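S.K.: I'd like to ask you about the structure that follows.
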Amino acid sequence: MKEAQLYERLDKERVRCILCSHYCVIAPGKLGVCNVRQNVDGNLYTLVYDRTISQNIDPVEKKPLYHFYPGSKSYSIATPGCNFRCSWCQNWEISQMPREQHFITGREAPPEKIVAEALRSGCRSIAYTYTEPTIFFEYAYDTARLAHEAGVANVFVTNGYMTTEMLTLLHPYLDGANVDLKAFRKKTYQRLVGAGLEPVLESLKTMKALGIWLEVTTLVIPGVNDESDELRDVAHFISQERGPEAPWHISRFQPGYQMADRPPTPIQILQRAQEIGHEEGLYYVYLGNVAGESNTHCHMCSQLLIQRRGYWIIADNIRDCSCPSCGTQVSGIGMGWNFSE
Ligand code: SF4
């Protein structure tokens with residue numbers, strides 16, 4: 001067990017965790033909502049430091065991050081646990097393990113080992129992903145600092161429920177993030193996620209202010225968030241608060257976990273969402289979890305910039321971070337680097 005970094009003692013016994021917007025007040029012997037932080041004798045401890053439940057080398061496009069060193073590999077890690085309980089979670093076996101099975105397991109992998117393995121496997125970044133990285137903050141923080149010293153970038157794939165205090169501590173080492181904006185209705189967040197919407201919106205604004213490269217994902221679920229009005233609210237928020245250059249990934253729902261009885265999202269709804277994204281001024285709107293190509297075009301002249309099939313890049317025509325046809329700059333980090341290196 002390692003002592004937590006972000007908490008305060010309320011009295012001799014109780015502590016308040018200030019890592020995520022649940023702000024759990026935890027009595028001795030008890031756990032927070034995430035079930036991976038415990039009050040032991042008036043001190044707060046993380047139970048998942050250096051416990052990886054998942055370690056993979058992924059294309060960075062799988063995060064999804066399409067404008068962050070395109071075509072590069074990302075060393076991807078997770079510990080068990082999450083501060084949300086989404087009814088549609090694709091990784092529920094590991095994200096809900098501490099809550100549902102009252103059990104934490106994982107391979108011991110200290111930060112030094114993660115960075116060494118990322119370097120050895122030629123990864124351009126380390127991704128903190130699969131479960132919610134906020135709840136394994138201390139592990140991610142120590143790893144991210146070492147990664148930067150070694151010239152490796154760091155990205156979070158997150159639900160965005162962290163506090164400003166956490167982002168302020170981490171941001172010198174956090175280069176990019178994909179934030180899941182799951183809906184734009186408070187009641188959806190409260191009923192199906194077990195959290196609030198507003199802190200997620202605040203995190204998106206804070207990340208922009210801190211200069212973290214940001215892409216946004218919305219999983220469109222039939223009967224949950226597939227109304228055009230709500231999708232327009234999401235697109236409008238991204239365009240206005242993050243800027244039109246922020247990529248929006250519209251992902252197709254597949255039945256699973258507590259939503260096994262629903263059909264996959266009809267393609268027509270995804271295409272309508274993509275149109276809405278463009279109508280709201282977003283330059284880059286992508287469909288995910290669908291067959292076929294998902295390409296990047298210049299938002300000024302429509303020139304094909306990056307051709308993708310699934311997570312794989314077929315062609316990258318970007319030169320000096322710009323469109324080879326009209327010279328317009330392509331937004332992102334490491335755009336136009338040699339992805340075949
Ligand atoms: S990380 Fe969030 S859910 Fe977990 S104990 Fe802290 S405030 Fe609670």
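By convention in this document, the chains of the structure tokens carry letters A, B, ... by their order, each chain's residues are numbered from 1, and ligands are numbered from 1 in the order they are shown.
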Going by DSSP on the backbone, which residues of segment 117-341 of chain A come out as strand (DSSP E)? List them as JSON, numbers by chain.
M.R.: {"A": [125, 126, 127, 128, 153, 154, 155, 156, 157, 158, 176, 177, 178, 179, 180, 213, 214, 215, 216, 217, 218, 219, 220, 248, 249, 250, 251, 252, 285, 286, 287, 288, 296, 297, 304, 305, 306, 307, 308, 309, 312, 313, 314, 315, 316]}
S.K.: Show me, as a Markdown table, the residues of chain A having an atom within 6 Å of ligand 1, each with the closest atom pair and its distance in Å, using only C-alpha atoms and all ligand atoms.
M.R.:
```
| residue | atom | partner | partner_atom_place_in_ligand_line | distance |
| --- | --- | --- | --- | --- |
| A:Cys17 | CA | ligand 1 | 6 (Fe) | 4.4 |
| A:Ile18 | CA | ligand 1 | 7 (S) | 5.5 |
| A:Leu19 | CA | ligand 1 | 1 (S) | 4.9 |
| A:Cys20 | CA | ligand 1 | 2 (Fe) | 4.0 |
| A:Ser21 | CA | ligand 1 | 7 (S) | 5.9 |
| A:His22 | CA | ligand 1 | 7 (S) | 4.5 |
| A:Tyr23 | CA | ligand 1 | 7 (S) | 4.0 |
| A:Cys24 | CA | ligand 1 | 8 (Fe) | 4.2 |
| A:Gly32 | CA | ligand 1 | 5 (S) | 3.6 |
| A:Val33 | CA | ligand 1 | 3 (S) | 4.1 |
| A:Cys34 | CA | ligand 1 | 3 (S) | 4.2 |
| A:Arg37 | CA | ligand 1 | 5 (S) | 5.2 |
| A:Asn83 | CA | ligand 1 | 3 (S) | 4.7 |
| A:Ile135 | CA | ligand 1 | 1 (S) | 4.8 |
```
S.K.: Do a neighbour search on Leu174 of chain A at 7 Å with only C-alpha atoms, toss out local chain neighbours closer than 6 positions, and write the hits as an MDAnalysis selection string.
M.R.: chainID A and resid 154:155 212
S.K.: Can you check which residues of segment 130-278 of chain A DSSP gives as helix (DSSP H, G or I) on the backbone and send them as a ChimeraX atom specification?
M.R.: /A:133-149,164-173,186-193,198-209,228-242,267-278
S.K.: For Val290 of chain A, which residue out of A:Phe253, A:Phe156, A:Tyr141, A:Tyr49 is the nearest one, using only C-alpha atoms?
M.R.: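 Among the listed residues, the smallest separation from Val290 of chain A belongs to A:Phe253.
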S.K.: Restricting the calculation to only C-alpha atoms: of A:Phe184, A:Tyr66, A:Tyr173, A:Tyr7, which residue gets closest to Ser294 of chain A?
M.R.: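 Distance minimum relative to Ser294 of chain A lands on A:Tyr66.
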S.K.: Calculate how many Å separate atom CA of Val157 of chain A from atom CA of Leu304 of chain A, rounding to one decimal.
M.R.: 27.0 Å
S.K.: Please compute the atom CA of Glu61 of chain A-atom CA of Arg308 of chain A distance, one decimal, in Å.
M.R.: 9.3 Å
S.K.: Quick one: residues within 9 Å of Val234 of chain A, only C-alpha atoms, excluding same-chain residues fewer than 6 positions away - as a ChimeraX atom specification?
M.R.: /A:181,183-184,218,277
S.K.: Which distance in Å separates atom CA of Asp316 of chain A and atom CA of Pro70 of chain A, to one decimal?
M.R.: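 Rounded to one decimal, the two atoms are 8.5 Å apart.
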S.K.: Let me make sure I understand: among A:Ser121, A:Asn35, A:Thr131, A:Thr163, which one has the smallest atom-to-atom distance to Gln101 of chain A if we use only C-alpha atoms?
M.R.: A:Asn35
S.K.: I want to know what sits within 10 Å of Pro172 of chain A, based on only C-alpha atoms, with residues of the same chain fewer than 5 positions away left out; could you give that as a VMD selection string?
M.R.: chain A and resid 144 to 145 148 167 210 to 212
